[in-house]
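Some notes on the structure that comes next.
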Amino acid sequence: MITMQKLKDLGLNHLSEAVLKRLTQNHIITLLDFLQEDEMKLSALTKLRLNVILSVRAEILTKFSAPIINGTTLLKRISETRTVLNTGILSLDSILLGGIPVGYITELCGLAGSGKTQLSLQLAVNCARRLENTILYIDTKGDFSAIRIQKILDANGCSHKDMAEIMYRIRVVHIWTMEDLVELFKSLNDKTLIINNLALIIVDSLPCLMMQYIGDENKIGFNLLNTLVNYSRFIGNQLNVGIIYINVQTRWIDNDILDVEDDDMSSALREPTYIEKRNRCLGKYWQNIPAVVLLLEKLEDSATDKDSAQIKVTVINSNIARNVNSQCFLNLNALGVI
Amino acid sequence: MAATKCKIESGVQLFARLIRKPEIENFYTDLFQPGLRRNDVVEMFGNISFSSLLIDMISEALLPKQTNARPLGVLLLNTAGQFSYVELVNEMKTKVESLYTNEDRPADIESILQKALSNLFILDIYNATQMYATIHNLDTIFVQNLNISLLIVDTLTAFYWLEQGFKISKMDLYIKTLLKMIQKVSKEYKVTFMYTRPGYFGSSKDSDNLETCEIQVSEGVNIKIQLLDKNSTGEYQVNVKTVDSYYKKCFCTLNNGIKWQ
């Protein structure tokens, strides 16, 4: 479990083992404990001179506080770097105001069988078809299908050479635990793992890794999820990549509570009303995390063409309010999702 | 005799504290009525993204509506990773362009935009350690950038779960502790402080009913704002509670920003 960083792990000058021991004995263990404590008191406790304490404090602030970015730098950065990744599907790009936002978390959610994995495979293929892009596809369910990708490429008239190149640019990692996923993101974060030309990370899917933490008040699960979110944001911004998490929607039938006003029937005689309710998985903490949430709904299968289906995609949440509730319809067939 | 604690400060710090900052009373009067005061603490909460509302506020701070008003310097602590910088720049570009007709439009719109954006300062924060170090570094940031009048933290609670070990701290207490830390500096440098929190984040269920809740200034916050999606058609309702008033405002989202009704 990751919590606040401890002073002993920060490698600060002047804080020898003996000094750290004295601080620990006085319950000054974390960086925050040190920053909140009065400098004179710290000097007395550690037997270090006040100017040394002030230099340790300055070292902490220099090393760990966020670098300030001026608006003019921001303007330059925006004009020089990509801000969206085209999905290769015009109608989807249109509701996303250009494509998958770079530097942000995007969620694809929907009921089981709504086409989430199909769409994410298609996004991986479309993104990898542009020469410079590498895609990291994180499969947590064990159902990544290279054959499906090959079929999509084949149906789109790709040569075997192109197919091989595109498939090479889709890097697949199988992950079975939340800890391993966090570890993978950590290695991207501290650059011990470098993937050249990384443009898109797809995690299919997150709920199956989080299921094991249900119960036990989900403390460990939320801690890991918070860590993953922080790494995702950092990687998204620093490596200039889009990050897609697949989430699951659940549905259930619930008794509706009727308003008794203007209704003189006794509750015993009244017909019970049932309504369908739906919910995005991963709990309340996650609900506000993705910058964009796309809801996928599979429409009735076509009566004429058994091999095709239609998917409705709705932007149900977005950090750009003007595209909330925008919709598009995608066709799912042998050519993939178009 | 009670022990008195004195604070030693440099001449620069003293100067930074005493310098006259741009007026905040006329800032964003579409929402803040009768207007904000220095040292106000504004809490914004809800279950939808605050990005559009914050973008509108920041662009007005950087490009004031009143012709003679000085722009406000804004410091944004981005902890949630929701805020859209691209949208902010686009909205500001539209605002700058709208100030001129086709005939009198200056050739270099970009330099006007650059000048306005030079009053914006951003801190992208990715973990709790960085957040606390940054909060303790605010003092230096305010001294180095004397024009900062508005501090926005989006969101205050982004690293709550990262800090929870086997013992969980109460959500209200967590907010209160952070507020105390930030207010200590924001008050000293006469900076108005706004922060967002997700709607679910709170120990008390009553605190979200703005009409009935009481604002305790001693807790730090003196204006509470609730953001609600009115009917999923691009219309939003904002409930505002101050120490002595309660009112509702609505806005809708357009292609070039938001429009207050």
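All residue names refer to the structure tokens as shown: chains lettered A, B, ... in order, residues numbered from 1 in each chain, ligands numbered from 1 in order.
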Counting only C-alpha atoms, what is within 7 Å of Arg37 of chain B, bar same-chain residues fewer than 2 positions away, as a VMD selection string?
-> chain B and resid 24 to 25 35 39 to 40
Would you mind exporting the chosen residues as an mmCIF file, in the first residue's frame, restricted to N, CA and C atoms?
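This is the output file selection36.cif:
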```
data_model
loop_
_atom_site.group_PDB
_atom_site.id
_atom_site.type_symbol
_atom_site.label_atom_id
_atom_site.label_comp_id
_atom_site.auth_asym_id
_atom_site.auth_seq_id
_atom_site.Cartn_x
_atom_site.Cartn_y
_atom_site.Cartn_z
ATOM 1 N N ILE B 24 -10.846 42.556 -6.878
ATOM 2 C CA ILE B 24 -11.524 41.276 -7.160
ATOM 3 C C ILE B 24 -13.042 41.418 -7.048
ATOM 4 N N GLU B 25 -13.485 42.574 -6.540
ATOM 5 C CA GLU B 25 -14.918 42.775 -6.267
ATOM 6 C C GLU B 25 -15.778 42.644 -7.525
ATOM 7 N N GLY B 35 -20.357 40.088 -5.175
ATOM 8 C CA GLY B 35 -18.971 40.100 -5.661
ATOM 9 C C GLY B 35 -18.060 39.444 -4.643
ATOM 10 N N ASN B 39 -9.563 37.188 0.428
ATOM 11 C CA ASN B 39 -9.574 36.178 1.507
ATOM 12 C C ASN B 39 -10.815 35.285 1.492
ATOM 13 N N ASP B 40 -11.718 35.485 0.514
ATOM 14 C CA ASP B 40 -12.867 34.574 0.427
ATOM 15 C C ASP B 40 -12.356 33.173 0.096
#
```
Output the contact residues of chain A with respect to chain B at a cut-off of 8 Å, based on only C-alpha atoms, as a PyMOL selection string.
-> chain A and resi 1-5+31-32+35+60-61+64-72+74-75+78+83+104+219+222-224+226-227+230-231+233-234+284+288-291+317-322+324-325
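Coordinates place atom CA of Ile170 of chain A at a distance of 6.9 Å from atom CA of Ala124 of chain A.
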For Asp162 of chain A, please output as a PyMOL selection string all residues within 12 Å (counting only C-alpha atoms; exclusion window: fewer than 3 positions along the same chain).
-> chain A and resi 125+128-131+150+153-154+156-159+165-169
Running DSSP on the backbone, which parts of segment 10-249 of chain A land in strand (DSSP E), as JSON, numbers by chain?
-> {"A": [68, 69, 70, 84, 85, 100, 101, 105, 106, 107, 108, 109, 110, 134, 135, 136, 137, 138, 139, 170, 171, 172, 173, 174, 198, 199, 200, 201, 202, 203, 204, 242, 243, 244, 245, 246, 247, 248, 249]}
